Each structure stands twice: as C-alpha cells, then as structure tokens.
>>> print(open('structure-v8.txt').read())   # compact mmCIF, C-alpha atoms
# COMPACT_ATOMS: atom_id res chain seq x y z
CA PHE A 1 14.26 0.87 18.43
CA GLY A 2 10.60 0.71 17.42
CA TYR A 3 9.36 2.71 14.47
CA GLY A 4 6.47 3.10 12.07
CA PHE A 5 2.97 1.98 12.89
CA GLY A 6 2.41 -0.29 15.89
CA ARG A 7 1.98 -0.24 19.63
CA ASN A 8 3.55 2.97 20.85
CA SER A 9 3.55 4.63 24.27
CA PHE A 10 4.24 8.36 23.96
CA THR A 11 5.52 10.68 26.66
CA ALA A 12 6.52 14.35 26.55
CA SER A 13 6.95 17.39 28.75
CA GLY A 14 7.16 21.12 28.29
CA LEU A 15 5.23 21.32 25.02
CA SER A 16 3.43 24.56 24.22
CA THR A 17 -0.26 24.88 25.07
CA SER A 18 -0.82 27.89 22.81
CA THR A 19 -3.36 27.57 20.00
CA GLY A 20 -3.79 29.88 17.03
CA THR A 21 -4.15 29.91 13.26
CA ALA A 22 -1.79 29.00 10.42
CA ALA A 23 -1.80 29.49 6.66
CA SER A 24 -2.85 26.66 4.39
CA TYR A 25 -2.58 26.02 0.68
CA ALA A 26 -3.91 23.80 -2.08
CA PHE A 27 -2.91 22.50 -5.48
CA ASP A 28 -4.83 24.19 -8.33
CA PRO A 29 -4.89 21.52 -11.09
CA ARG A 30 -7.59 23.00 -13.32
CA SER A 31 -5.58 26.17 -13.97
CA ALA A 32 -2.76 24.12 -15.53
CA SER A 33 -4.61 21.30 -17.29
CA ASP A 34 -4.20 22.56 -20.84
CA VAL A 35 -2.20 21.86 -23.98
CA ARG A 36 0.15 24.79 -23.44
CA THR A 37 1.27 23.74 -19.94
CA VAL A 38 1.71 20.07 -20.84
CA ALA A 39 3.51 20.98 -24.07
CA ALA A 40 5.95 23.18 -22.13
CA LEU A 41 6.87 20.25 -19.89
CA ALA A 42 7.09 17.91 -22.88
CA GLY A 43 9.38 20.33 -24.70
CA ALA A 44 11.63 20.59 -21.65
CA LEU A 45 11.96 16.80 -21.82
CA GLY A 46 12.77 16.83 -25.53
CA LEU A 47 9.33 15.74 -26.79
CA ARG A 48 7.87 17.67 -29.71
CA GLN A 49 4.53 15.90 -30.24
CA THR A 50 1.27 17.68 -29.44
CA PRO A 51 -0.27 16.58 -26.13
CA THR A 52 -3.45 14.53 -26.37
CA LEU A 53 -6.14 14.23 -23.69
CA LYS A 54 -7.75 10.80 -23.67
CA ASP A 55 -9.23 8.51 -21.02
CA GLY A 56 -8.47 10.93 -18.21
CA THR A 57 -4.78 11.43 -19.02
CA TRP A 58 -2.67 13.85 -21.04
CA THR A 59 -0.16 11.90 -23.13
CA VAL A 60 2.79 12.89 -25.30
CA GLY A 61 4.66 10.36 -27.40
CA PRO A 62 3.91 6.67 -27.94
CA GLN A 63 2.63 4.77 -24.93
CA ASP A 64 3.91 1.34 -26.00
CA GLY A 65 7.42 1.64 -24.57
CA THR A 66 9.12 2.07 -27.94
CA ALA A 67 10.15 5.72 -27.47
CA PRO A 68 10.25 8.48 -24.83
CA SER A 69 6.80 9.25 -23.45
CA LEU A 70 5.08 11.54 -20.96
CA THR A 71 1.80 11.12 -19.08
CA VAL A 72 0.05 13.74 -16.96
CA GLY A 73 -2.86 12.54 -14.83
CA LEU A 74 -6.02 14.52 -14.13
CA ASP A 75 -5.51 14.16 -10.39
CA GLY A 76 -5.31 16.72 -7.63
CA THR A 77 -1.71 17.68 -8.36
CA LEU A 78 -1.56 17.02 -12.12
CA SER A 79 1.13 14.45 -11.41
CA PHE A 80 3.33 13.53 -14.35
CA SER A 81 5.65 10.70 -15.29
CA PHE A 82 8.27 10.59 -18.05
CA TYR A 83 10.33 7.62 -19.20
CA ASP A 84 12.91 7.18 -21.94
CA PRO A 85 13.37 3.48 -22.82
CA ARG A 86 16.52 4.31 -24.76
CA PHE A 87 18.37 4.21 -21.43
CA THR A 88 19.40 0.63 -22.21
CA GLY A 89 21.42 2.05 -25.08
CA SER A 90 23.81 3.61 -22.55
CA CYS A 91 24.68 0.23 -21.03
CA SER A 92 27.89 -1.62 -21.80
CA LYS A 93 27.37 -4.38 -24.36
CA THR A 94 28.62 -7.95 -24.25
CA ASP A 95 30.80 -9.37 -27.00
CA ASP A 96 27.73 -10.62 -28.86
CA GLY A 97 26.11 -7.16 -28.78
CA ALA A 98 23.52 -7.97 -26.11
CA THR A 99 22.80 -5.77 -23.11
CA PRO A 100 23.98 -7.56 -19.98
CA GLU A 101 21.90 -8.04 -16.84
CA PRO A 102 22.44 -6.21 -14.63
CA CYS A 103 23.22 -3.25 -16.84
CA THR A 104 26.56 -1.49 -16.31
CA PRO A 105 26.73 2.14 -17.51
CA SER A 106 29.24 2.48 -20.34
CA ARG A 107 30.17 5.98 -19.12
CA PRO A 108 30.51 7.47 -15.63
CA LEU A 109 27.31 8.84 -14.11
CA PRO A 110 26.85 12.62 -13.92
CA SER A 111 27.75 14.32 -10.65
CA THR A 112 25.18 15.31 -8.05
CA ASP A 113 25.69 18.94 -9.11
CA ALA A 114 24.94 18.00 -12.72
CA ALA A 115 21.77 16.17 -11.67
CA ILE A 116 20.56 19.16 -9.66
CA ALA A 117 21.35 21.49 -12.58
CA ALA A 118 19.39 19.24 -14.95
CA LEU A 119 16.39 19.17 -12.62
CA ARG A 120 16.55 22.92 -12.08
CA SER A 121 16.60 23.42 -15.86
CA LEU A 122 13.63 21.07 -16.31
CA ILE A 123 11.56 22.95 -13.74
CA ALA A 124 12.42 26.33 -15.25
CA ASN A 125 11.79 25.23 -18.85
CA ALA A 126 8.45 23.78 -17.78
CA GLY A 127 7.41 27.29 -16.72
CA ARG A 128 8.01 27.02 -12.97
CA ASP A 129 10.21 29.17 -10.74
CA ALA A 130 13.13 26.92 -9.81
CA ASP A 131 14.16 29.31 -7.03
CA THR A 132 11.06 28.29 -5.07
CA PHE A 133 12.33 24.69 -4.81
CA GLN A 134 14.82 23.01 -2.49
CA PHE A 135 17.15 20.60 -4.27
CA GLU A 136 18.93 17.45 -3.12
CA ALA A 137 20.92 14.69 -4.81
CA ASN A 138 22.64 11.60 -3.49
CA THR A 139 25.03 9.14 -5.08
CA GLN A 140 24.31 5.51 -4.28
CA GLU A 141 26.93 2.83 -4.74
CA GLY A 142 26.12 0.62 -7.72
CA ALA A 143 23.35 2.91 -8.99
CA LEU A 144 22.68 2.93 -12.73
CA THR A 145 21.42 6.52 -12.67
CA GLN A 146 22.13 9.72 -10.78
CA GLN A 147 19.02 10.88 -8.97
CA ALA A 148 17.95 14.35 -7.84
CA GLN A 149 14.86 15.68 -6.08
CA ALA A 150 13.30 19.12 -5.74
CA TRP A 151 10.71 20.03 -3.10
CA PRO A 152 8.58 23.18 -3.43
CA VAL A 153 9.04 25.60 -0.53
CA VAL A 154 6.15 27.76 0.68
CA ASP A 155 6.66 30.31 3.45
CA GLY A 156 9.90 28.60 4.35
CA GLN A 157 8.22 25.18 4.62
CA ARG A 158 9.14 22.28 2.36
CA ILE A 159 6.08 20.66 0.78
CA ASP A 160 6.03 16.86 0.64
CA GLN A 161 5.37 16.57 -3.12
CA PRO A 162 8.74 16.56 -4.92
CA TRP A 163 9.90 16.58 -8.51
CA SER A 164 12.57 14.01 -9.28
CA ILE A 165 14.75 12.84 -12.13
CA GLU A 166 17.09 9.98 -12.97
CA LEU A 167 20.01 11.07 -15.10
CA THR A 168 22.73 9.30 -17.09
CA ALA A 169 25.53 10.67 -19.25
CA ASP A 170 23.07 10.48 -22.16
CA GLY A 171 20.35 12.54 -20.51
CA ILE A 172 17.19 12.17 -18.42
CA VAL A 173 15.96 8.59 -18.15
CA SER A 174 12.89 9.28 -16.03
CA ALA A 175 11.19 12.20 -14.35
CA SER A 176 8.16 12.73 -12.15
CA GLY A 177 6.48 15.56 -10.31
CA PHE A 178 3.39 17.75 -10.55
CA LEU A 179 2.18 20.59 -12.76
CA ALA A 180 -0.57 22.09 -10.59
CA PRO A 181 0.46 25.42 -9.03
CA ILE A 182 0.20 25.88 -5.27
CA VAL A 183 -2.22 28.60 -4.17
CA ALA A 184 -3.15 30.07 -0.78
CA VAL A 185 -6.56 29.10 0.62
CA GLY A 186 -6.59 31.04 3.88
CA ASP A 187 -5.91 30.16 7.49
CA TYR A 188 -6.99 27.19 9.59
CA PRO A 189 -7.34 27.13 13.38
CA VAL A 190 -4.63 24.89 14.83
CA VAL A 191 -4.33 22.99 18.08
CA SER A 192 -1.41 23.48 20.45
CA ALA A 193 1.67 21.31 20.37
CA GLN A 194 0.43 19.61 23.56
CA GLN A 195 -2.96 18.85 22.01
CA ALA A 196 -1.28 17.55 18.86
CA PHE A 197 0.96 15.35 21.01
CA GLU A 198 -2.15 13.81 22.55
CA ARG A 199 -3.34 13.00 19.02
CA LEU A 200 -0.36 10.68 18.64
CA SER A 201 -2.21 8.24 20.91
CA ASP A 202 -5.63 8.86 19.34
CA PRO A 203 -6.51 6.15 16.77
CA ARG A 204 -8.51 8.70 14.77
CA PHE A 205 -5.26 10.44 13.81
CA GLY A 206 -2.91 7.49 13.43
CA ALA A 207 0.59 8.38 14.59
CA GLN A 208 2.92 8.38 11.59
CA GLN A 209 6.67 8.13 11.79
CA SER A 210 8.13 10.44 9.18
CA GLY A 211 11.85 9.82 9.69
CA ILE A 212 14.35 7.64 11.49
CA PRO A 213 17.67 8.61 13.09
CA ILE A 214 20.69 9.01 10.81
CA ALA A 215 22.59 6.40 12.84
CA LEU A 216 19.99 3.77 11.99
CA ARG A 217 20.03 4.72 8.30
CA THR A 218 23.79 4.13 8.18
CA GLN A 219 23.22 0.70 9.70
CA GLY A 220 21.13 -0.26 6.70
CA GLY A 221 17.67 0.87 7.76
CA ALA A 222 15.47 2.44 5.08
CA ALA A 223 14.94 6.18 5.22
CA GLY A 224 11.60 7.23 6.67
CA SER A 225 8.76 8.68 4.64
CA VAL A 226 8.13 12.34 4.12
CA ALA A 227 5.80 13.99 6.57
CA GLY A 228 2.25 12.80 6.20
CA SER A 229 2.81 9.60 4.24
CA GLY A 230 3.32 7.30 7.23
CA ALA A 231 5.43 4.70 5.43
CA ALA A 232 6.67 2.02 7.82
CA VAL A 233 10.28 0.90 8.02
CA ASP A 234 11.49 -2.67 7.60
CA THR A 235 12.74 -3.84 11.00
CA ALA A 236 13.29 -7.51 10.22
CA PRO A 237 16.17 -9.05 12.22
CA PRO A 238 19.30 -10.24 10.45
CA SER A 239 18.95 -13.64 8.80
CA ALA A 240 20.00 -16.58 10.97
CA ALA A 241 20.89 -20.18 10.28
CA PRO A 242 17.87 -22.21 9.14
CA PRO A 243 16.18 -24.13 11.98
CA THR A 244 16.50 -27.87 12.36
CA VAL A 245 13.34 -28.30 14.46
CA PRO A 246 10.11 -26.30 14.81
CA PRO A 247 9.51 -24.12 17.90
CA ALA A 248 8.35 -25.73 21.12
CA THR A 249 4.65 -25.89 21.91
CA PRO A 250 3.66 -22.94 24.18
CA THR A 251 2.80 -24.07 27.66
CA ALA A 252 -0.40 -23.26 29.52
CA GLY A 253 -0.41 -19.75 30.91
CA THR A 254 2.52 -18.53 28.80
CA PRO A 255 2.40 -14.69 28.75
CA LEU A 256 1.44 -13.29 25.37
CA SER A 257 4.29 -11.30 23.84
CA TRP A 258 3.01 -7.73 23.45
CA PRO A 259 5.98 -5.37 22.95
CA VAL A 260 5.28 -1.65 23.23
CA ASN A 261 7.58 1.02 21.80
CA ARG A 262 8.26 3.74 24.36
CA VAL A 263 8.67 7.06 22.56
CA HIS A 264 9.64 10.24 24.40
CA ILE A 265 8.93 13.44 22.46
CA VAL A 266 11.46 16.23 23.04
CA SER A 267 10.42 18.96 20.58
CA ALA A 268 7.64 20.04 18.20
CA ARG A 269 7.65 22.08 14.98
CA LEU A 270 4.63 23.39 13.08
CA GLY A 271 4.96 22.71 9.37
CA LEU A 272 2.81 21.68 6.40
CA ALA A 273 1.63 18.34 4.98
CA SER A 274 -0.48 17.28 2.00
CA GLN A 275 -3.96 15.89 2.62
CA TRP A 276 -6.08 14.28 -0.11
CA GLN A 277 -9.81 14.98 -0.20
CA PRO A 278 -12.50 12.46 -1.26
CA ASP A 279 -12.95 14.24 -4.62
CA GLY A 280 -9.22 14.02 -5.35
CA GLY A 281 -8.35 17.61 -4.44
CA VAL A 282 -5.18 18.15 -2.41
CA LEU A 283 -4.88 20.57 0.50
CA ILE A 284 -1.57 21.53 2.13
CA VAL A 285 -2.44 22.09 5.76
CA PRO A 286 -0.67 22.78 9.07
CA ALA A 287 0.87 19.68 10.65
CA TYR A 288 3.16 19.14 13.61
CA GLU A 289 6.46 17.33 13.32
CA PHE A 290 7.61 15.87 16.63
CA THR A 291 11.17 14.77 17.32
CA ASP A 292 11.77 11.96 19.81
CA SER A 293 14.75 11.35 22.07
CA GLY A 294 16.22 8.89 19.59
CA GLY A 295 16.21 11.40 16.73
CA GLY A 296 13.14 9.97 14.98
CA THR A 297 10.31 12.21 13.82
CA TRP A 298 6.54 11.79 13.93
CA SER A 299 3.82 13.80 12.19
CA VAL A 300 0.19 14.55 12.94
CA VAL A 301 -2.28 17.03 11.45
CA ALA A 302 -2.52 20.30 13.39
CA VAL A 303 -5.93 21.51 12.17
CA ALA A 304 -8.43 21.96 15.00
CA ASP A 305 -11.35 19.54 15.37
CA SER A 306 -13.81 22.27 14.33
CA LYS A 307 -12.37 22.12 10.79
CA LEU A 308 -12.11 18.33 10.55
CA ASN A 309 -14.95 16.37 8.97
CA PHE A 310 -15.05 13.08 10.86
CA SER A 311 -18.01 11.68 8.90
CA VAL A 312 -17.59 8.39 7.07
CA GLU A 313 -18.07 8.52 3.31
>>> encode(input="structure-v8.txt", output="structure tokens")
Amino acid sequence: FGYGFGRNSFTASGLSTSTGTAASYAFDPRSASDVRTVAALAGALGLRQTPTLKDGTWTVGPQDGTAPSLTVGLDGTLSFSFYDPRFTGSCSKTDDGATPEPCTPSRPLPSTDAAIAALRSLIANAGRDADTFQFEANTQEGALTQQAQAWPVVDGQRIDQPWSIELTADGIVSASGFLAPIVAVGDYPVVSAQQAFERLSDPRFGAQQSGIPIALRTQGGAAGSVAGSGAAVDTAPPSAAPPTVPPATPTAGTPLSWPVNRVHIVSARLGLASQWQPDGGVLIVPAYEFTDSGGGTWSVVAVADSKLNFSVE
C-alpha cells in the first residue's frame, strides 16, 4: 500500500461537480497577546510569576530547565509550550538514589478519563470554553505519561491545531497549544469535489495523505498527519539478514524501477484546514478530505483559483 508523498495515480467516479462558497476563519493572535491572557494560562499550570515579553516571546518562570516554565510565541496562533522538569522526581529510584534510565513511573499513570479531565480544566482555567473542543486520550504500552489532546471545533468541523498535555500521578509534565481565539473572516468560493480531485494530480497543490487505514496502524504503521500537514509515513520493509555480497551490476537495458501508487477515491468531504500566510498569519480555510478504497484519506485545499495567490515571494 503506497502512502504519503510520491508517484500516485488517482482515479475516482461520481464526485460532485457543484461549486459554491464556504465559511472560513482565522486565528486572532493580537487580541490575546497580553499579560492578562498569558498569566491566566500560567496560573492554570500552577505558575505564579508575572509574564515577561522579551525577544519575541512571552515567558513565565526560569528558562534554564531548573523549574516549571512556560513560553508563548508571537506567532500566528500564539502557540505555547509548558514543561515541568520535576517529572524525573516521579520516577522509581535505584538503591543508590539515582534515577534509572529508562525511567519507570513509581506510581500508576492516570486514566484516560483523568487526562481528559485535566486538559479540560486547563482549557477552562485559561479562559477558553472547553465545550467547544473535542477530546481524545490513548494509553500506550510502556508510556511514561498519559497523554490527551483537544481539538477546537468550529461549525461542527475539527480544526487541526490541538491542545495537548502529558500527565503523571504528580500532575502535568508538559502542555502545548495556542492562545489566539478563532474568528470568522467571511466566505471563500470553493471548487467542486471533482475539481478538487483533479488537484490531487496537480503539482501546484501537492497531494497530501492525511491518514492511513486502521488495519495498517495496528500492523505497526505510524498514524497519518492531521489534514493539511502532509506528513509522510515510514514504509520501510522489515529488517532482513545482512547481505554477504553487494548487489549485481545492472545489465544494459534493464528497465528502471518506477513504482506508481494507484489510488481510487471513493468519497469526498468538505472540511477545514489551517494555512500559514507569508507574514505568519494563519487562516482556516475550506479543504476537501478524500477517502480512498483502502481507507486512507487525502486532503487538498478547496478555495477557488480566483482567491489563490500563485505569485512567488
């Protein structure tokens, strides 16, 4: 099964040819870049220091790794990152008092429900409406922390910019997300599903696989990226016995191996995906998610050519 970027041959039938308009949104970072907003997030994370703006970043707490700290960047989403280095204190110690490698939690990890509750509380205490987020948590075998994610939902569509936390029995170890509110910026004209399908083969749009079938994930494949990010998936074959001789010299006229992934699209859904602008601003615009016959998904922007600036910066 071929996935990610590469040589793909797309086919489809029965896709809609109807065009129209669809709502779009944007992150509004300037409305939240202030001491009050950053301090609310810091307080929700247990930090009491006054936020400081320096060198293009809001900071709370020491930045030398000696204590819990928070940074909020002046980017298009006001993305933040929190880390508590005291996590190592929750690891089981060896007889000589040292922390072993790898670390083994000295107490059981919180449940997925507890992780979701902690993330919901963080979002609410930071001044956001937790009911406008969709929450997920998964337990991974051998994990040192319990993770949870929360995606904002706008008009029933999940936005691909989540909040996340890592939790232990002692509290939040790390957290990340964004502080900029999401605001409406009007409608964009959108192409039909058929026209968007044709973009999958247009190098200007770059077909992006945004998910792989569940069956392949259970076989050890990595989960696909969220819509719009286009992260590729590792498809390396299983390791084999080391060779004893190098490969044979190709003979004259040997056909050049040029495998092409054949992808048959069976359905299309109009959703939303984040798009970064040259000045750092972030729009959330209509995008199609296509599902193929193998259960994989592909994404491509749905905005009509008339509202796309193809000029090179």
>>> residues_around(input="structure-v8.txt", residues="stretch 17-34 of chain A", least_positions_apart="6", cutoff="8 Å", atoms="all atoms listed in the file", output="ChimeraX atom specification")
/A:74-78,179-195,272,281-286
>>> residues_around(input="structure-v8.txt", residues="A:Trp58", least_positions_apart="5", cutoff="6 Å", atoms="only C-alpha atoms", output="list of chain:residue names")
A:Thr52, A:Leu53, A:Thr71, A:Val72
>>> atom_distance(input="structure-v8.txt", atom1="atom CA of A:Glu198", atom2="atom CA of A:Ala302")
11.2 Å
>>> atom_distance(input="structure-v8.txt", atom1="atom CA of A:Ser111", atom2="atom CA of A:Gly156")
27.3 Å
>>> residues_around(input="structure-v8.txt", residues="A:Trp163", least_positions_apart="4", cutoff="6 Å", atoms="only C-alpha atoms", output="list in words")
Gln149, Ala150, Ser176 and Gly177 of chain A
>>> atom_distance(input="structure-v8.txt", atom1="atom CA of A:Leu41", atom2="atom CA of A:Asp129")
13.2 Å
>>> closest_residue(input="structure-v8.txt", among="A:Val173, A:Thr145, A:Asp155, A:Ser164", to="A:Arg120", atoms="all atoms listed in the file")
A:Ser164
>>> closest_residue(input="structure-v8.txt", among="A:Ala39, A:Val60, A:Leu119, A:Ala124", to="A:Glu166", atoms="all atoms listed in the file")
A:Leu119
>>> build_atoms(input="structure-v8.txt", residues="stretch 186-201 of chain A", atoms="N, CA, C and O atoms", output="CSV table (one decimal), keeping the file's coordinate frame")
chain,number,residue,atom,x,y,z
A,186,GLY,N,-6.2,30.5,2.6
A,186,GLY,CA,-6.6,31.0,3.9
A,186,GLY,C,-6.0,30.3,5.1
A,186,GLY,O,-5.2,29.4,4.9
A,187,ASP,N,-6.4,30.7,6.3
A,187,ASP,CA,-5.9,30.2,7.5
A,187,ASP,C,-6.8,29.1,8.1
A,187,ASP,O,-8.1,29.1,7.8
A,188,TYR,N,-6.3,28.2,8.8
A,188,TYR,CA,-7.0,27.2,9.6
A,188,TYR,C,-6.7,27.4,11.1
A,188,TYR,O,-5.5,27.7,11.4
A,189,PRO,N,-7.7,27.2,11.9
A,189,PRO,CA,-7.3,27.1,13.4
A,189,PRO,C,-6.5,25.9,13.7
A,189,PRO,O,-6.7,24.8,13.1
A,190,VAL,N,-5.5,26.0,14.5
A,190,VAL,CA,-4.6,24.9,14.8
A,190,VAL,C,-4.6,24.6,16.3
A,190,VAL,O,-4.8,25.5,17.1
A,191,VAL,N,-4.4,23.4,16.7
A,191,VAL,CA,-4.3,23.0,18.1
A,191,VAL,C,-2.9,23.3,18.6
A,191,VAL,O,-2.0,23.6,17.8
A,192,SER,N,-2.7,23.3,19.9
A,192,SER,CA,-1.4,23.5,20.4
A,192,SER,C,-0.5,22.3,20.2
A,192,SER,O,-1.0,21.2,19.9
A,193,ALA,N,0.8,22.4,20.5
A,193,ALA,CA,1.7,21.3,20.4
A,193,ALA,C,1.3,20.2,21.4
A,193,ALA,O,1.4,19.0,21.1
A,194,GLN,N,0.8,20.6,22.6
A,194,GLN,CA,0.4,19.6,23.6
A,194,GLN,C,-0.8,18.8,23.1
A,194,GLN,O,-0.8,17.6,23.2
A,195,GLN,N,-1.8,19.5,22.5
A,195,GLN,CA,-3.0,18.8,22.0
A,195,GLN,C,-2.6,17.9,20.8
A,195,GLN,O,-3.1,16.8,20.7
A,196,ALA,N,-1.7,18.4,20.0
A,196,ALA,CA,-1.3,17.6,18.9
A,196,ALA,C,-0.5,16.3,19.4
A,196,ALA,O,-0.7,15.2,18.8
A,197,PHE,N,0.3,16.5,20.4
A,197,PHE,CA,1.0,15.4,21.0
A,197,PHE,C,0.0,14.3,21.5
A,197,PHE,O,0.2,13.1,21.3
A,198,GLU,N,-1.1,14.8,22.1
A,198,GLU,CA,-2.2,13.8,22.6
A,198,GLU,C,-2.8,13.1,21.4
A,198,GLU,O,-3.3,11.9,21.5
A,199,ARG,N,-2.8,13.7,20.2
A,199,ARG,CA,-3.3,13.0,19.0
A,199,ARG,C,-2.5,11.8,18.6
A,199,ARG,O,-3.0,10.9,17.9
A,200,LEU,N,-1.2,11.8,19.0
A,200,LEU,CA,-0.4,10.7,18.6
A,200,LEU,C,-0.9,9.4,19.2
A,200,LEU,O,-0.6,8.3,18.6
A,201,SER,N,-1.6,9.4,20.3
A,201,SER,CA,-2.2,8.2,20.9
A,201,SER,C,-3.7,8.1,20.6
A,201,SER,O,-4.3,7.2,21.1
